[in-house]
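Engineer: Here it is: the structure, laid out below.
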Amino acid sequence: MICGGCNMKVVITSAYISEIDNETTFDQNLPFPVKKKFGEVLIKFNTKAWVNDVAFSPSGNFAFAGSHNSTLSIVNCRENNVETLNLSHSPIAKIVPLNDETIIVIGFDRHFYKYSSNNPEKKWKFMNSLTKFDLNKLTSDLEEKKEEATSFKDRLGVFKNLNKKTSLIVTSNKNETKNIHLANISSTSVISNNLVTADLAGYIKLWPL
């Protein structure tokens, strides 16, 4: 199990229940040791802001946490290490893992951003936005200026500049635009290589991956 909250901590605990699970029924492919007591802490780390969302990859090999200072924490559960990325966009509201190498994160600006480690260096990087065309061009410039030790105040300055240079318009190509969700996104799922999202206003949208 993974949880994160306003105490700026992320905790991964054992879900093994001895009265129910045993070595034959427990998934041996999971990266966590068998027979750890239910609730026993396996991995714990601090973030520098409250945690908005957490998620496991489908295999359980990776875990992800999005914090309100617009950072993404990536946990390699097998190697027990944590990598933190400073993001060039609004803080993460939701995380949608597709596999061990790719995730979609949804910002509080209701735009969708793809991150992946499917590259020769095996390092997690921003790939593109599914909804914000201008950001794909802008991000390469921001990455060069970004430093790992930037303060929260500096991060807010980046958000303000992004709001001036980009808009809440979805651009699928140069000749076609459509609105993104206008209300907060309440749920997400991946069906047949499509990301399906629903918002609090009752609208459902489908995004090809």
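A note on labels: chains of the structure tokens are A, B, ... as shown, every chain counts residues from 1, and ligands are counted from 1 in their shown order.
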Need to verify the contact set: stretch 182-195 of chain A, 7 Å, only C-alpha atoms, exclusion of same-chain residues closer than 2 positions in sequence. Can you return it as a count of residues only?
Structural biologist: 10
Engineer: Quick check for you: according to DSSP on this backbone, which residues of stretch 45-78 of chain A are classed as strand (DSSP E or B)? Reply as a list in words.
Structural biologist: Phe45, Asn46, Val51, Asn52, Asp53, Val54, Ala55, Phe56, Phe62, Ala63, Phe64, Ala65, Gly66, Ser67, Thr71, Leu72, Ser73, Ile74, Val75 and Asn76 of chain A
Engineer: Keeping only N, CA and C atoms, write those residues as a short mmCIF file (atom, residue, chain, number, x, y, z; two decimals), in the first residue's frame.
Structural biologist:
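The resulting file, part.cif, is shown below:
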```
data_model
loop_
_atom_site.label_atom_id
_atom_site.label_comp_id
_atom_site.auth_asym_id
_atom_site.auth_seq_id
_atom_site.Cartn_x
_atom_site.Cartn_y
_atom_site.Cartn_z
N PHE A 45 9.71 8.26 2.75
CA PHE A 45 10.54 9.42 2.43
C PHE A 45 9.72 10.69 2.55
N ASN A 46 10.42 11.81 2.64
CA ASN A 46 9.79 13.12 2.79
C ASN A 46 9.76 13.85 1.46
N VAL A 51 1.30 16.06 -0.42
CA VAL A 51 1.21 15.10 -1.52
C VAL A 51 -0.22 15.08 -2.06
N ASN A 52 -0.36 15.27 -3.37
CA ASN A 52 -1.68 15.32 -4.00
C ASN A 52 -2.17 13.97 -4.49
N ASP A 53 -1.25 13.11 -4.96
CA ASP A 53 -1.67 11.81 -5.48
C ASP A 53 -0.50 10.85 -5.45
N VAL A 54 -0.81 9.57 -5.31
CA VAL A 54 0.18 8.50 -5.34
C VAL A 54 -0.36 7.36 -6.20
N ALA A 55 0.54 6.54 -6.73
CA ALA A 55 0.11 5.42 -7.57
C ALA A 55 1.26 4.43 -7.73
N PHE A 56 0.91 3.16 -7.95
CA PHE A 56 1.86 2.12 -8.32
C PHE A 56 1.79 1.89 -9.83
N PHE A 62 7.39 0.09 -9.56
CA PHE A 62 7.60 1.51 -9.37
C PHE A 62 6.39 2.11 -8.66
N ALA A 63 6.66 3.16 -7.88
CA ALA A 63 5.60 3.93 -7.26
C ALA A 63 5.85 5.40 -7.55
N PHE A 64 4.79 6.19 -7.57
CA PHE A 64 4.89 7.60 -7.96
C PHE A 64 4.11 8.45 -6.96
N ALA A 65 4.64 9.65 -6.72
CA ALA A 65 3.95 10.60 -5.84
C ALA A 65 4.09 12.00 -6.42
N GLY A 66 2.98 12.71 -6.53
CA GLY A 66 2.98 14.08 -7.03
C GLY A 66 2.73 15.05 -5.89
N SER A 67 3.64 16.01 -5.70
CA SER A 67 3.53 16.96 -4.60
C SER A 67 3.13 18.34 -5.09
N THR A 71 6.59 18.75 -7.94
CA THR A 71 7.64 17.74 -8.08
C THR A 71 6.97 16.38 -8.25
N LEU A 72 7.68 15.49 -8.92
CA LEU A 72 7.24 14.11 -9.12
C LEU A 72 8.30 13.20 -8.50
N SER A 73 7.91 12.40 -7.52
CA SER A 73 8.81 11.43 -6.90
C SER A 73 8.58 10.07 -7.53
N ILE A 74 9.67 9.43 -7.96
CA ILE A 74 9.60 8.12 -8.60
C ILE A 74 10.37 7.14 -7.74
N VAL A 75 9.68 6.12 -7.26
CA VAL A 75 10.29 5.14 -6.36
C VAL A 75 10.55 3.85 -7.13
N ASN A 76 11.81 3.42 -7.16
CA ASN A 76 12.15 2.10 -7.68
C ASN A 76 12.03 1.14 -6.51
#
```
Engineer: Pick the closest to A:Ile95 from A:Ser57, A:Glu83, A:Ser129, A:Lys122: which is it, counting only C-alpha atoms?
Structural biologist: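 So, comparing all the options, the nearest one is A:Ser57.
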Engineer: Between atom CA of A:Lys205 and atom CA of A:Ser59, what is the distance, to one decimal in Å?
Structural biologist: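 Computing it gives 26.5 Å between the two atoms.
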Engineer: What's the 12 Å shell around A:Asn119, counting only C-alpha atoms, without same-chain residues fewer than 6 positions away, as an mmCIF file with C-alpha atoms, in the first residue's frame?
Structural biologist:
```cif
data_model
loop_
_atom_site.group_PDB
_atom_site.id
_atom_site.type_symbol
_atom_site.label_atom_id
_atom_site.label_comp_id
_atom_site.auth_asym_id
_atom_site.auth_seq_id
_atom_site.Cartn_x
_atom_site.Cartn_y
_atom_site.Cartn_z
ATOM 1 C CA GLU A 101 8.313 3.165 -18.247
ATOM 2 C CA THR A 102 5.502 5.620 -18.944
ATOM 3 C CA LYS A 125 11.961 12.767 -18.646
ATOM 4 C CA PHE A 126 9.079 14.880 -19.903
ATOM 5 C CA MET A 127 8.005 13.609 -23.337
#
```
Engineer: Report as an MDAnalysis selection string all protein, DNA and RNA residues lying within 7 Å of A:Tyr113, evaluated on only C-alpha atoms, omitting residues in the same chain fewer than 6 positions from it.
Structural biologist: chainID A and resid 104:106 128:130
Engineer: Atoms to include: N, CA and C atoms. Write the selected residues as a PDB file, in the first residue's frame.
Structural biologist:
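Written output follows (result.pdb):
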```pdb
ATOM      1  N   ILE A 104       1.156   9.115 -17.311  1.00  0.00           N
ATOM      2  CA  ILE A 104       0.491  10.363 -17.653  1.00  0.00           C
ATOM      3  C   ILE A 104       0.168  11.063 -16.346  1.00  0.00           C
ATOM      4  N   VAL A 105       0.539  12.326 -16.234  1.00  0.00           N
ATOM      5  CA  VAL A 105       0.143  13.095 -15.057  1.00  0.00           C
ATOM      6  C   VAL A 105      -0.805  14.203 -15.502  1.00  0.00           C
ATOM      7  N   ILE A 106      -1.804  14.468 -14.670  1.00  0.00           N
ATOM      8  CA  ILE A 106      -2.783  15.517 -14.942  1.00  0.00           C
ATOM      9  C   ILE A 106      -2.539  16.640 -13.950  1.00  0.00           C
ATOM     10  N   ASN A 128       5.949  14.787 -23.777  1.00  0.00           N
ATOM     11  CA  ASN A 128       5.098  15.747 -24.470  1.00  0.00           C
ATOM     12  C   ASN A 128       3.805  15.948 -23.683  1.00  0.00           C
ATOM     13  N   SER A 129       3.033  16.925 -24.103  1.00  0.00           N
ATOM     14  CA  SER A 129       1.722  17.140 -23.516  1.00  0.00           C
ATOM     15  C   SER A 129       0.664  16.632 -24.483  1.00  0.00           C
ATOM     16  N   LEU A 130      -0.344  15.948 -23.950  1.00  0.00           N
ATOM     17  CA  LEU A 130      -1.443  15.473 -24.798  1.00  0.00           C
ATOM     18  C   LEU A 130      -2.412  16.587 -25.133  1.00  0.00           C
TER      19      LEU A 130
END
```
Engineer: Which residue gives the smallest distance to A:Asn29 among A:Ile204, A:Ile103, A:Ile2, A:Cys77, with only C-alpha atoms counted?
Structural biologist: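 Among the listed residues, the smallest separation from A:Asn29 belongs to A:Cys77.
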Engineer: Please report the interatomic distance between atom CA of A:Leu30 and atom CA of A:Pro97 in Å with one decimal.
Structural biologist: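 These two atoms are separated by 16.4 Å.
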